[in-house]
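Notes follow the structure.
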Number of protein chains: 2
Amino acid sequence: MQLERQLRKAGFRVTRARRVVAAALATAGRPLSPAEVLAAARRGHPGLGRATVYRTLNLLVRVGLVVPRPGPGGVRYSLASEGMHRLVCRNCGAERLLADCPAGGLAEELARRYGFQVEGHLLEFYGLCPDCRRRAKP
Amino acid sequence: MQLERQLRKAGFRVTRARRVVAAALATAGRPLSPAEVLAAARRGHPGLGRATVYRTLNLLVRVGLVVPRPGPGGVRYSLASEGMHRLVCRNCGAERLLADCPAGGLAEELARRYGFQVEGHLLEFYGLCPDCRRRAKP
DNA sequence: AGTTAGTTGAGACATTGTATCATTTAGGGT
DNA sequence: ACCCTAAATGATACAATGTCTCAACTAACT
Ligand SMILES: [Zn+2]
Ligand SMILES: [Zn+2]
Ligand SMILES: [Zn+2]
Ligand SMILES: [Zn+2]
């Protein structure tokens with residue numbers, strides 16, 4: 001499984017807390033706030049502590065499995081594998097996922113130029129959703 | 001000036017607090033945390049309140065002048081006009097700005113397809129910086 | 001199974017963000 | 001230039017979010 005490999009490769013242990021947090025993000029299918037992660041993860045692990053959720057989210061980010069995203073109402077976390085291309089309304093926060101991506105081929109180019117090992121990317125377009133656009137007319 | 005136009009267009013007033021917050025972000029040239037914004041902005045407005053900084057940052061985001069970005073140690077804000085293309089190290093948070101962009105031409109396409117009015121975009125590549133890459137080898 | 005260092009959970013604590021409200025101020029009308 | 005009014009501010013109290021410490025627990029190796 002993805003989680004196990006990523007953790008082991010970086011020298012961390014595979015624990016119940018980490019499994020249940022990753023699972024929460026995976027089944028949610030949308031970005032979650034730390035509080036939401038805690039709530040969801042506790043269904044599979046009632047005694048889970050708040051501090052552990054924060055520690056775990058930070059760890060999963062460092063390991064490359066999870067990505068933090070800002071938004072109205074704080075940072076949210078999602079698996080690095082889903083929803084990395086989207087339209088987001090700067091006014092109301094509405095989001096819309098995109099299918100295709102124009103940035104795919106740049107990884108090698110960037111590795112060569114900067115010595116960076118590129119593993120993924122985030123492409124967000126900011127603007128106004130149809131609703132906010134209409135409302136902003138007058 | 002950019003700030004004035006954006007605020008007026010959306011029906012908000014142009015105040016000293018808003019000017020000084022925007023100026024802080026502009027002169028910093030890098031993403032700032034709310035606390036840093038407060039400190040910087042107080043140089044030009046000693047009595048500035050903490051609550052006002054939060055209110056103002058949220059407003060400037062809604063108006064499209066400022067973009068929030070997550071990172072190790074919380075959300076940071078920067079002008080929407082600078083540094084929207086970067087490499088960021090998932091492990092240590094190091095960043096590196098990019099010059100060119102493969103996503104420029106998609107705005108009209110997206111407007112047509114989704115009714116979204118695209119005003120800007122953020123393209124971030126995640127991975128390991130040269131240092132973390134080396135350290136992760138063994 | 002035994003050993004041990006990484007990890008956890010509880011709770012105190014610190015920081016960050018929000019709500020309330022009296023006071024001030026931007027901006028349009030006169 | 002002066003009023004007027006609604007918007008905005010700053011102080012303060014409060015709530016939420018995030019961090020630290022430490023004794024107890026457990027994953028992983030032998
Ligand atoms: Zn919207
Ligand atoms: Zn892509
Ligand atoms: Zn790094
Ligand atoms: Zn671009």
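Letters A, B, ... mark the chains of the structure tokens in the order given; residue numbers begin at 1 per chain; ligand numbers begin at 1, in order shown.
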
Show me, as a tab-separated table, the residues of chain A having an atom within 6 Å of ligand 2, each with the closest atom pair and its distance in Å, using only C-alpha atoms and all ligand atoms.
residue	atom	partner	partner_atom_place_in_ligand_line	distance
A:Cys101	CA	ligand 2	1 (Zn)	4.2
A:Ala103	CA	ligand 2	1 (Zn)	4.9
A:Gly104	CA	ligand 2	1 (Zn)	5.1

Write out the residues from the selection above, keeping all heavy atoms, as a CSV table (one decimal), in the first residue's frame.
chain,number,residue,atom,x,y,z
A,101,CYS,N,-4.4,18.7,-17.9
A,101,CYS,CA,-3.3,19.5,-17.3
A,101,CYS,C,-2.2,19.8,-18.3
A,101,CYS,O,-1.8,18.9,-19.1
A,101,CYS,CB,-2.7,18.6,-16.3
A,101,CYS,SG,-1.1,19.2,-15.7
A,103,ALA,N,0.7,21.0,-17.4
A,103,ALA,CA,2.0,21.1,-16.8
A,103,ALA,C,2.7,19.8,-16.6
A,103,ALA,O,3.8,19.7,-16.1
A,103,ALA,CB,1.8,21.8,-15.4
A,104,GLY,N,2.1,18.8,-17.1
A,104,GLY,CA,2.6,17.4,-16.9
A,104,GLY,C,4.1,17.2,-17.3
A,104,GLY,O,4.9,16.7,-16.5

So that I can see what lies close to region 52-57 of chain A, please list as a list in words the residues with an atom at most 10 Å from it, counting only C-alpha atoms (C1' of nucleotides) and leaving out residues fewer than 3 positions away in the same chain.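 That gives Ala17, Arg18, Arg19, Val20, Val21, Ala22, Pro34, Ala35, Val37, Leu38, Ala41, Leu48, Gly49, Leu60, Val61, Arg62, Val63, Leu65, Val66, Val67, Pro68, Tyr77 and Ser78 of chain A; DT7, DT8 and DG9 of chain C; DG18 and DT19 of chain D.
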
Let me make sure I understand: if you superpose chain A onto chain B using all C-alpha atoms paired in order, what RMSD in Å results?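 The C-alpha RMSD comes out at 0.1 Å.
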
Within-9 Å residues of ligand 3, basis only C-alpha atoms (C1' of nucleotides) and all ligand atoms, as a list in words: Val88, Cys89, Arg90, Asn91, Cys92, Gly93, Ala94, Glu95, Gly127, Leu128, Cys129, Pro130, Asp131, Cys132 and Arg133 of chain B

Quick check: residues of chain B within 10 Å of chain D, only C-alpha atoms (C1' of nucleotides), returned as a ChimeraX atom specification. /B:12-17,47-52,73-74

Give the answer as one residue: which of C:DT23, C:DT3, C:DT30, C:DT15 has the shortest atom-to-atom distance to chain B, using only C-alpha atoms (C1' of nucleotides)? C:DT15

Hey, which bits of chain B sit within 12 Å of ligand 1, and for each residue what's the closest pair of atoms and how far apart in Å (one decimal), counting only C-alpha atoms and all ligand atoms, rows by chain and increasing number, as CSV?
residue,atom,partner,partner_atom_place_in_ligand_line,distance
B:Arg62,CA,ligand 1,1 (Zn),9.5
B:Val63,CA,ligand 1,1 (Zn),11.4
B:Gly64,CA,ligand 1,1 (Zn),11.8
B:Gly115,CA,ligand 1,1 (Zn),11.2
B:Phe116,CA,ligand 1,1 (Zn),9.1
B:Gln117,CA,ligand 1,1 (Zn),10.0
B:Val118,CA,ligand 1,1 (Zn),11.6

Taking only residues of chain A that have an atom at most 12 Å from an atom of ligand 4, what is each one's shortest atom pair and its distance in Å to one decimal, using only C-alpha atoms and all ligand atoms, in chain and number order, as a tab-separated table?
residue	atom	partner	partner_atom_place_in_ligand_line	distance
A:Pro102	CA	ligand 4	1 (Zn)	10.3
A:Ala103	CA	ligand 4	1 (Zn)	9.7
A:Leu122	CA	ligand 4	1 (Zn)	11.5
A:Leu123	CA	ligand 4	1 (Zn)	8.9
A:Glu124	CA	ligand 4	1 (Zn)	9.7
A:Phe125	CA	ligand 4	1 (Zn)	9.3
A:Tyr126	CA	ligand 4	1 (Zn)	11.4

Got a sec to tell me which of region 38-120 of chain A DSSP assigns to strand (DSSP E), as a PyMOL selection string? chain A and resi 66-69+76-79+85-89+95-97+117-120

Write the residues of the preceding selection, restricted to C-alpha atoms, as an mmCIF file, in the first residue's frame.
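Okay, this is what ended up in again15.cif:
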data_model
loop_
_atom_site.group_PDB
_atom_site.id
_atom_site.type_symbol
_atom_site.label_atom_id
_atom_site.label_comp_id
_atom_site.auth_asym_id
_atom_site.auth_seq_id
_atom_site.Cartn_x
_atom_site.Cartn_y
_atom_site.Cartn_z
ATOM 1 C CA VAL A 66 -0.739 14.740 1.626
ATOM 2 C CA VAL A 67 -0.985 18.328 0.438
ATOM 3 C CA PRO A 68 -2.197 21.335 2.455
ATOM 4 C CA ARG A 69 -4.501 23.813 0.776
ATOM 5 C CA ARG A 76 -7.414 21.806 4.577
ATOM 6 C CA TYR A 77 -5.606 18.627 3.697
ATOM 7 C CA SER A 78 -6.100 16.169 0.890
ATOM 8 C CA LEU A 79 -4.257 13.240 -0.589
ATOM 9 C CA HIS A 85 -6.216 20.830 -10.793
ATOM 10 C CA ARG A 86 -9.066 23.124 -9.987
ATOM 11 C CA LEU A 87 -10.922 26.348 -10.385
ATOM 12 C CA VAL A 88 -11.519 28.180 -7.114
ATOM 13 C CA CYS A 89 -13.695 31.210 -6.550
ATOM 14 C CA GLU A 95 -14.402 24.791 -6.306
ATOM 15 C CA ARG A 96 -14.532 22.816 -9.482
ATOM 16 C CA LEU A 97 -12.174 20.074 -10.476
ATOM 17 C CA GLN A 117 13.066 16.156 -7.590
ATOM 18 C CA VAL A 118 9.523 16.908 -8.709
ATOM 19 C CA GLU A 119 6.862 14.489 -7.501
ATOM 20 C CA GLY A 120 3.648 16.304 -8.143
#

Please identify which residues in region 7-123 of chain B DSSP calls helix (DSSP H, G or I) from the backbone, and express them as a PyMOL selection string. chain B and resi 7-9+16-28+34-42+50-63+106-114

Convert the current residue selection to file output with N, CA and C atoms, as a short mmCIF file (atom, residue, chain, number, x, y, z; two decimals), in the first residue's frame.
data_model
loop_
_atom_site.label_atom_id
_atom_site.label_comp_id
_atom_site.auth_asym_id
_atom_site.auth_seq_id
_atom_site.Cartn_x
_atom_site.Cartn_y
_atom_site.Cartn_z
N LEU B 7 -10.77 47.77 -4.70
CA LEU B 7 -11.69 47.98 -3.59
C LEU B 7 -12.93 48.72 -4.06
N ARG B 8 -12.74 49.81 -4.76
CA ARG B 8 -13.89 50.62 -5.21
C ARG B 8 -14.81 49.80 -6.08
N LYS B 9 -14.21 49.05 -6.99
CA LYS B 9 -15.02 48.26 -7.92
C LYS B 9 -15.96 47.33 -7.15
N ARG B 16 -6.95 53.72 5.62
CA ARG B 16 -5.54 53.70 5.95
C ARG B 16 -5.07 52.29 6.25
N ALA B 17 -5.86 51.55 7.03
CA ALA B 17 -5.48 50.18 7.39
C ALA B 17 -5.27 49.33 6.14
N ARG B 18 -6.15 49.45 5.19
CA ARG B 18 -6.06 48.64 3.99
C ARG B 18 -4.84 49.01 3.16
N ARG B 19 -4.59 50.33 3.11
CA ARG B 19 -3.42 50.76 2.35
C ARG B 19 -2.15 50.22 2.98
N VAL B 20 -2.07 50.32 4.28
CA VAL B 20 -0.83 49.97 4.96
C VAL B 20 -0.61 48.44 4.96
N VAL B 21 -1.67 47.68 4.98
CA VAL B 21 -1.53 46.23 4.90
C VAL B 21 -1.05 45.81 3.51
N ALA B 22 -1.68 46.37 2.51
CA ALA B 22 -1.27 46.06 1.13
C ALA B 22 0.17 46.47 0.90
N ALA B 23 0.54 47.63 1.44
CA ALA B 23 1.91 48.11 1.27
C ALA B 23 2.90 47.15 1.92
N ALA B 24 2.52 46.65 3.09
CA ALA B 24 3.41 45.71 3.79
C ALA B 24 3.69 44.50 2.92
N LEU B 25 2.65 43.94 2.32
CA LEU B 25 2.83 42.78 1.45
C LEU B 25 3.66 43.14 0.23
N ALA B 26 3.42 44.31 -0.31
CA ALA B 26 4.12 44.72 -1.53
C ALA B 26 5.62 44.88 -1.28
N THR B 27 5.97 45.53 -0.19
CA THR B 27 7.38 45.80 0.05
C THR B 27 8.12 44.57 0.59
N ALA B 28 7.38 43.66 1.22
CA ALA B 28 8.04 42.46 1.73
C ALA B 28 8.58 41.61 0.58
N PRO B 34 0.06 36.44 9.03
CA PRO B 34 -0.69 37.56 9.60
C PRO B 34 0.11 38.31 10.66
N ALA B 35 0.82 37.59 11.49
CA ALA B 35 1.62 38.25 12.53
C ALA B 35 2.69 39.13 11.91
N GLU B 36 3.31 38.65 10.87
CA GLU B 36 4.34 39.45 10.20
C GLU B 36 3.73 40.67 9.54
N VAL B 37 2.57 40.48 8.96
CA VAL B 37 1.89 41.62 8.34
C VAL B 37 1.61 42.68 9.40
N LEU B 38 1.11 42.24 10.54
CA LEU B 38 0.81 43.18 11.61
C LEU B 38 2.06 43.97 11.99
N ALA B 39 3.14 43.27 12.22
CA ALA B 39 4.39 43.93 12.62
C ALA B 39 4.83 44.93 11.55
N ALA B 40 4.87 44.47 10.31
CA ALA B 40 5.34 45.34 9.23
C ALA B 40 4.42 46.55 9.06
N ALA B 41 3.12 46.30 9.09
CA ALA B 41 2.17 47.38 8.84
C ALA B 41 2.19 48.42 9.96
N ARG B 42 2.56 47.99 11.14
CA ARG B 42 2.56 48.94 12.26
C ARG B 42 3.66 49.98 12.16
N ARG B 50 -4.98 44.07 15.70
CA ARG B 50 -4.79 42.72 15.18
C ARG B 50 -6.02 42.26 14.39
N ALA B 51 -7.18 42.50 14.96
CA ALA B 51 -8.42 42.08 14.30
C ALA B 51 -8.52 42.68 12.92
N THR B 52 -8.12 43.92 12.81
CA THR B 52 -8.21 44.60 11.51
C THR B 52 -7.32 43.94 10.48
N VAL B 53 -6.17 43.46 10.90
CA VAL B 53 -5.29 42.78 9.96
C VAL B 53 -5.96 41.53 9.41
N TYR B 54 -6.60 40.76 10.27
CA TYR B 54 -7.30 39.57 9.79
C TYR B 54 -8.44 39.95 8.86
N ARG B 55 -9.23 40.90 9.29
CA ARG B 55 -10.34 41.34 8.44
C ARG B 55 -9.82 41.79 7.09
N THR B 56 -8.76 42.56 7.12
CA THR B 56 -8.24 43.13 5.88
C THR B 56 -7.68 42.06 4.96
N LEU B 57 -6.94 41.13 5.51
CA LEU B 57 -6.39 40.06 4.67
C LEU B 57 -7.51 39.28 4.00
N ASN B 58 -8.53 38.93 4.78
CA ASN B 58 -9.65 38.20 4.19
C ASN B 58 -10.31 39.01 3.08
N LEU B 59 -10.46 40.30 3.35
CA LEU B 59 -11.08 41.15 2.34
C LEU B 59 -10.25 41.21 1.07
N LEU B 60 -8.97 41.40 1.22
CA LEU B 60 -8.10 41.52 0.05
C LEU B 60 -8.09 40.22 -0.75
N VAL B 61 -8.27 39.11 -0.08
CA VAL B 61 -8.38 37.85 -0.80
C VAL B 61 -9.68 37.83 -1.61
N ARG B 62 -10.76 38.20 -0.96
CA ARG B 62 -12.05 38.21 -1.65
C ARG B 62 -12.04 39.14 -2.86
N VAL B 63 -11.32 40.21 -2.73
CA VAL B 63 -11.27 41.20 -3.79
C VAL B 63 -10.31 40.77 -4.89
N LEU B 106 -5.04 29.19 -20.82
CA LEU B 106 -6.26 28.44 -20.54
C LEU B 106 -7.45 29.27 -20.05
N ALA B 107 -7.21 30.53 -19.76
CA ALA B 107 -8.26 31.34 -19.15
C ALA B 107 -9.55 31.34 -19.98
N GLU B 108 -9.44 31.63 -21.27
CA GLU B 108 -10.66 31.73 -22.10
C GLU B 108 -11.34 30.37 -22.19
N GLU B 109 -10.53 29.37 -22.44
CA GLU B 109 -11.05 28.00 -22.48
C GLU B 109 -11.91 27.69 -21.25
N LEU B 110 -11.40 28.04 -20.07
CA LEU B 110 -12.12 27.72 -18.85
C LEU B 110 -13.36 28.60 -18.68
N ALA B 111 -13.24 29.84 -19.08
CA ALA B 111 -14.39 30.73 -19.03
C ALA B 111 -15.51 30.15 -19.89
N ARG B 112 -15.15 29.68 -21.06
CA ARG B 112 -16.14 29.14 -21.97
C ARG B 112 -16.76 27.87 -21.40
N ARG B 113 -15.91 26.99 -20.89
CA ARG B 113 -16.40 25.69 -20.44
C ARG B 113 -17.20 25.76 -19.15
N TYR B 114 -16.77 26.58 -18.21
CA TYR B 114 -17.37 26.53 -16.88
C TYR B 114 -18.05 27.84 -16.43
#

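Of note, CA of Met84 (chain A) and CA of His121 (chain A) are spaced 6.8 Å apart.
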
Take CA of Glu82 (chain B) and CA of Glu4 (chain B) and report the distance between them in Å, one decimal. 18.2 Å
